[in-house]
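Asks: Dropping the structure in here first, questions after.
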Amino acid sequence: MHVEEKRGKSDCTKENRTLNIFDPQVARAVEAEVKRQQDKIILIASENYVSQAVLQAQGSILTNKYAEGYPGARFYGGCEYVDVVEELARTRAAALFGAEHVNVQPHAGAVANLAVYLAVLNPGDRILGMELDHGGHLTHGSPANISGKYFQCFSYKVDAQSGYLDMEEVRRTAQRVLPRLIIAGASAYPRTIDFAAFAQIAGEVDALLMVDMAHIAGMVAAGLHPTPVPHAHFVTSTTHKTLRGPRGGMILCRKRFARAVDKAVFPGIQGGPLMHIIAAKAVAFKEAQGEDFYRYQGQILKNARALAQHLKELNFNLVSGGTDNHLVLLDLRNKGITGREAELLLDELGITANKNAIPDDPQNRLVTSGIRLGTPAVTSRGMHEAEMKQIAALINSAIEGKDDPVALARVKREVKNLCTAFPVYQQNMV
Ligand code: DSN
């Protein structure tokens with residue numbers, strides 16, 4: 001066969017070269033993932049199902065375009081349409097959150113956080129964030145993360161007894177450490193964070209305040225969770241958790257930091273922005289303005305409260321005793337199972353969640369004593385409080401009956417029935 005003919009075979013621009021035909025291996029993996037997302041109850045607090053409109057924008061030909069720079073000031077020609085898209089994303093996010101300035105280019109929440117650090121910190125500066133094992137995030141100063149390598153990192157903890165943040169303890173730590181930047185926000189904290197108190201403490205020690213609202217952004221957008229925006233110099237977020245947009249990040253900041261933040265994102269950390277993702281962010285921000293989204297966020301909260309309540313009735317210990325937001329953190333020590341074992345057991349039965357450290361966890365991070373459960377994804381499927389009661393009972397039956405194959409088979413069957421009753425995407429996704 002001639003070389004030209006061989007080359008012709010891998011020409012993806014040919015009309016008939018759909019994913020199924022051109023690359024069945026990838027197509028099959030995507031199909032299997034569609035099925036997994038349909039056939040399992042997803043309780044990972046940071047995951048969700050995006051809309052068809054978000055998927056469509058994300059899968060669009062905007063992926064072909066280079067657009068280094070910002071709308072109206074690009075380093076490439078032909079940016080007139082992607083400029084429209086980025087402007088829409090910026091202005092919609094600014095209106096949604098009441099922010100003075102928005103940068104929608106960060107590829108991820110971790111990049112958004114890093115860009116804020118680059119904008120206002122020098123290597124060796126002191127930062128103060130929430131302890132990772134107490135609910136904080138890797139990028140808030142963990143030694144394993146660049147934040148922990150380039151800055152002097154200090155942490156505050158939750159109160160060991162109550163599981164709540166103790167703002168007097170945060171104040172004392174800030175006064176001792178005198179950080180340049182205080183970071184509020186968490187990955188596994190089920191209670192409302194007092195952003196005004198953080199701002200007060202930051203003011204007292206002359207620190208800047210960054211709030212990472214990734215987990216709660218959807219509820220903040222809907223006005224159902226206190227907003228950090230008026231209190232913080234910088235608010236970072238992902239766009240794919242409760243906000244239900246594409247996988248990505250963003251930064252909201254005061255006008256006086258706009259230039260420094262924009263320069264930190266590009267050319268500081270990133271090159272070309274992902275314009276297809278920015279288009280999908282614009283779509284998600286539009287969705288977040290609607291009544292449906294408001295109702296959706298309200299139901300996330302009701303579902304989390306119902307899940308917490310029913311688990312408590314089944315003698316589960318909840319860190320902090322309950323929840324104010326979309327997530328519940330279970331301390332499994334009274335149940336004779338580790339976080340890792342619970343994660344594996346539940347996933348085998350069709351319930352996907354993640355092991356999670358509890359405050360002062362005696363187990364290491366790969367084992368843990370806890371499991372984190374969140375309601376954004378199941379709420380997107382249309383589940384309500386009644387289903388949360390059922391899910392709590394299923395989790396309990398699985399853990400109580402972990403050595404009883406008959407009990408486990410029954411849980412598996414019920415999970416399957418529940419998933420069938422709440423379909424995710426109605427049409428073929430590949
Ligand atoms: N990894 C995310 C979470 O699950 O909370 C945070 O980035």
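Scheme for the structure tokens: letters A, B, ... for chains in order shown; per-chain residue numbers from 1; ligand numbers from 1 in order shown.
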Find the spatial neighbours of stretch 113-119 of chain A, counting only C-alpha atoms, within a cut-off of 8 Å - ignore same-chain residues fewer than 4 positions away - and output them as an NGL selection string.

Replies: :A and (109 or 139 or 147 or 212 or 234 or 236 or 260-261 or 263-265 or 268-269)

Asks: Residues within 8 Å of ligand 1, counting only C-alpha atoms and all ligand atoms: report them as a count of residues only.

Replies: 14

Asks: Pick out the closest residue to A:Tyr49 from this set: A:Lys241, A:Lys389, A:Lys416, A:Arg372. Count only C-alpha atoms.

Replies: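 Counting only C-alpha atoms, the residue closest to A:Tyr49 is A:Lys241.
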
Asks: So what do you get for atom CA of A:Ala207 versus atom CA of A:Ala222, distance-wise?

Replies: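 Going from atom CA of A:Ala207 over to atom CA of A:Ala222, I get 29.1 Å.
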
Asks: For A:Gln309, which residue out of A:Glu385, A:Ile277, A:Asn145, A:Leu43 is the nearest one, using only C-alpha atoms?

Replies: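 Checking each candidate against A:Gln309, we get A:Glu385 as the closest.
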
Asks: Extract, using only C-alpha atoms, all DNA, RNA and protein residues at most 6 Å from A:Asn356, discarding same-chain residues fewer than 5 positions from it, and format them as a PyMOL selection string.

Replies: chain A and resi 368+370-372

Asks: Any chance you could list, as number ranges by chain, the residues in stretch 233-327 of chain A that come up alpha helix (DSSP H) when DSSP is run on the backbone?

Replies: A: 258-263, 275-288, 291-313

Asks: Could you go through stretch 115-356 of chain A and tell me which residues DSSP, when run on the backbone, assigns to strand (DSSP E), listing them as a PyMOL selection string?

Replies: chain A and resi 126-130+152-156+181-184+208-212+234-238+249-253+317-318+327-331+351-352+354-356

Asks: Deliver the residues from the most recent selection as a file, using C-alpha atoms, as an mmCIF file, in the first residue's frame.

Replies:
```cif
data_model
loop_
_atom_site.group_PDB
_atom_site.id
_atom_site.type_symbol
_atom_site.label_atom_id
_atom_site.label_comp_id
_atom_site.auth_asym_id
_atom_site.auth_seq_id
_atom_site.Cartn_x
_atom_site.Cartn_y
_atom_site.Cartn_z
ATOM 1 C CA ARG A 126 4.060 33.060 54.723
ATOM 2 C CA ILE A 127 0.654 31.647 53.929
ATOM 3 C CA LEU A 128 -1.961 30.306 56.332
ATOM 4 C CA GLY A 129 -4.582 27.783 55.207
ATOM 5 C CA MET A 130 -6.745 25.027 56.605
ATOM 6 C CA GLN A 152 6.319 29.031 54.307
ATOM 7 C CA CYS A 153 3.064 27.306 55.095
ATOM 8 C CA PHE A 154 1.108 27.276 58.319
ATOM 9 C CA SER A 155 -2.280 25.820 59.049
ATOM 10 C CA TYR A 156 -5.289 26.194 61.292
ATOM 11 C CA LEU A 181 -1.995 35.598 52.688
ATOM 12 C CA ILE A 182 -4.760 33.823 54.588
ATOM 13 C CA ILE A 183 -6.658 31.121 52.691
ATOM 14 C CA ALA A 184 -10.191 30.148 53.636
ATOM 15 C CA LEU A 208 -4.591 39.469 52.139
ATOM 16 C CA LEU A 209 -7.539 37.066 52.089
ATOM 17 C CA MET A 210 -8.189 34.439 49.428
ATOM 18 C CA VAL A 211 -11.302 32.271 49.598
ATOM 19 C CA ASP A 212 -11.352 29.060 47.593
ATOM 20 C CA PHE A 234 -9.506 37.046 45.835
ATOM 21 C CA VAL A 235 -12.064 34.300 45.373
ATOM 22 C CA THR A 236 -11.012 31.229 43.421
ATOM 23 C CA SER A 237 -13.181 28.378 42.265
ATOM 24 C CA THR A 238 -13.538 25.405 40.049
ATOM 25 C CA GLY A 249 -11.151 27.159 37.206
ATOM 26 C CA MET A 250 -11.695 30.891 37.607
ATOM 27 C CA ILE A 251 -10.599 33.815 39.742
ATOM 28 C CA LEU A 252 -12.756 36.670 41.013
ATOM 29 C CA CYS A 253 -10.921 39.657 42.457
ATOM 30 C CA ASN A 317 -20.966 9.515 63.474
ATOM 31 C CA LEU A 318 -20.823 12.684 61.408
ATOM 32 C CA LEU A 327 -21.476 17.265 51.937
ATOM 33 C CA VAL A 328 -21.344 14.918 54.876
ATOM 34 C CA LEU A 329 -18.144 13.558 56.422
ATOM 35 C CA LEU A 330 -18.573 10.208 58.167
ATOM 36 C CA ASP A 331 -16.256 9.067 60.929
ATOM 37 C CA ILE A 351 -22.293 3.532 45.256
ATOM 38 C CA THR A 352 -19.262 5.678 44.456
ATOM 39 C CA ASN A 354 -14.290 8.675 48.404
ATOM 40 C CA LYS A 355 -12.334 7.772 51.498
ATOM 41 C CA ASN A 356 -11.422 10.895 53.394
#
```

Asks: List the neighbours of A:Tyr66 out to 12 Å using only C-alpha atoms; skip same-chain residues closer than 6 positions along the sequence, and give me the result as an NGL selection string.

Replies: :A and (74-83 or 271-276)

Asks: Rank A:Gly69, A:Gly218, A:Gly401, A:Pro228 by their smallest atom-to-atom distance to A:Ile337, using only C-alpha atoms, and report the top residue only.

Replies: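 Of the candidates, the smallest distance to A:Ile337 is held by A:Gly401.
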
Asks: Quick one: of A:Ala73, A:Ile42, A:Ala144, A:Ala398, who's nearest to A:Leu373, counting only C-alpha atoms?

Replies: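 Residue with the minimum atom-to-atom distance to A:Leu373: A:Ile42.
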
Asks: Can you list, as a ChimeraX atom specification, every protein, DNA or RNA residue that comes within 9 Å of A:Phe195 when you count only C-alpha atoms, leaving out same-chain residues fewer than 4 positions away?

Replies: /A:184,199-200,211,226-229,231-232

Asks: Residues as selected, C-alpha atoms, written as a compact mmCIF listing (two decimals), in the first residue's frame, can you do that?

Replies:
```txt
# COMPACT_ATOMS: atom_id res chain seq x y z
CA ALA A 184 -10.19 30.15 53.64
CA ALA A 199 -11.72 39.12 56.63
CA GLN A 200 -11.65 40.70 60.07
CA VAL A 211 -11.30 32.27 49.60
CA PRO A 226 -23.14 33.22 52.28
CA THR A 227 -20.93 34.75 49.61
CA PRO A 228 -17.21 35.32 50.20
CA VAL A 229 -16.99 37.93 47.42
CA HIS A 231 -15.05 39.88 52.13
CA ALA A 232 -12.07 38.53 50.19
```

Asks: In Å, rounded to a single decimal, give me how far atom CA of A:His233 is from atom CA of A:Tyr150.

Replies: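 Straight-line distance from atom CA of A:Tyr150 to atom CA of A:His233 works out to 21.1 Å.
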
Asks: Could you check the closest approach to A:Gln38 for each of A:Ala377, A:Ala67, A:Ala279, A:Ala407 and tell me which residue wins, using only C-alpha atoms?

Replies: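 That would be A:Ala377, the residue with the smallest distance to A:Gln38.
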
Asks: Near A:Pro246, counting only C-alpha atoms, which residues have an atom at most 10 Å away, once you skip same-chain residues fewer than 4 positions from it, shown as a list in words?

Replies: Asn48, Tyr49, Val50, Ser51, Val54, Leu55, Ala57, Gln58, Thr238, Thr239, His240, Lys241, His276, Ile277, Ile278, Ala279, Ala280, Lys281, Ala282, Val283 and Ala284 of chain A
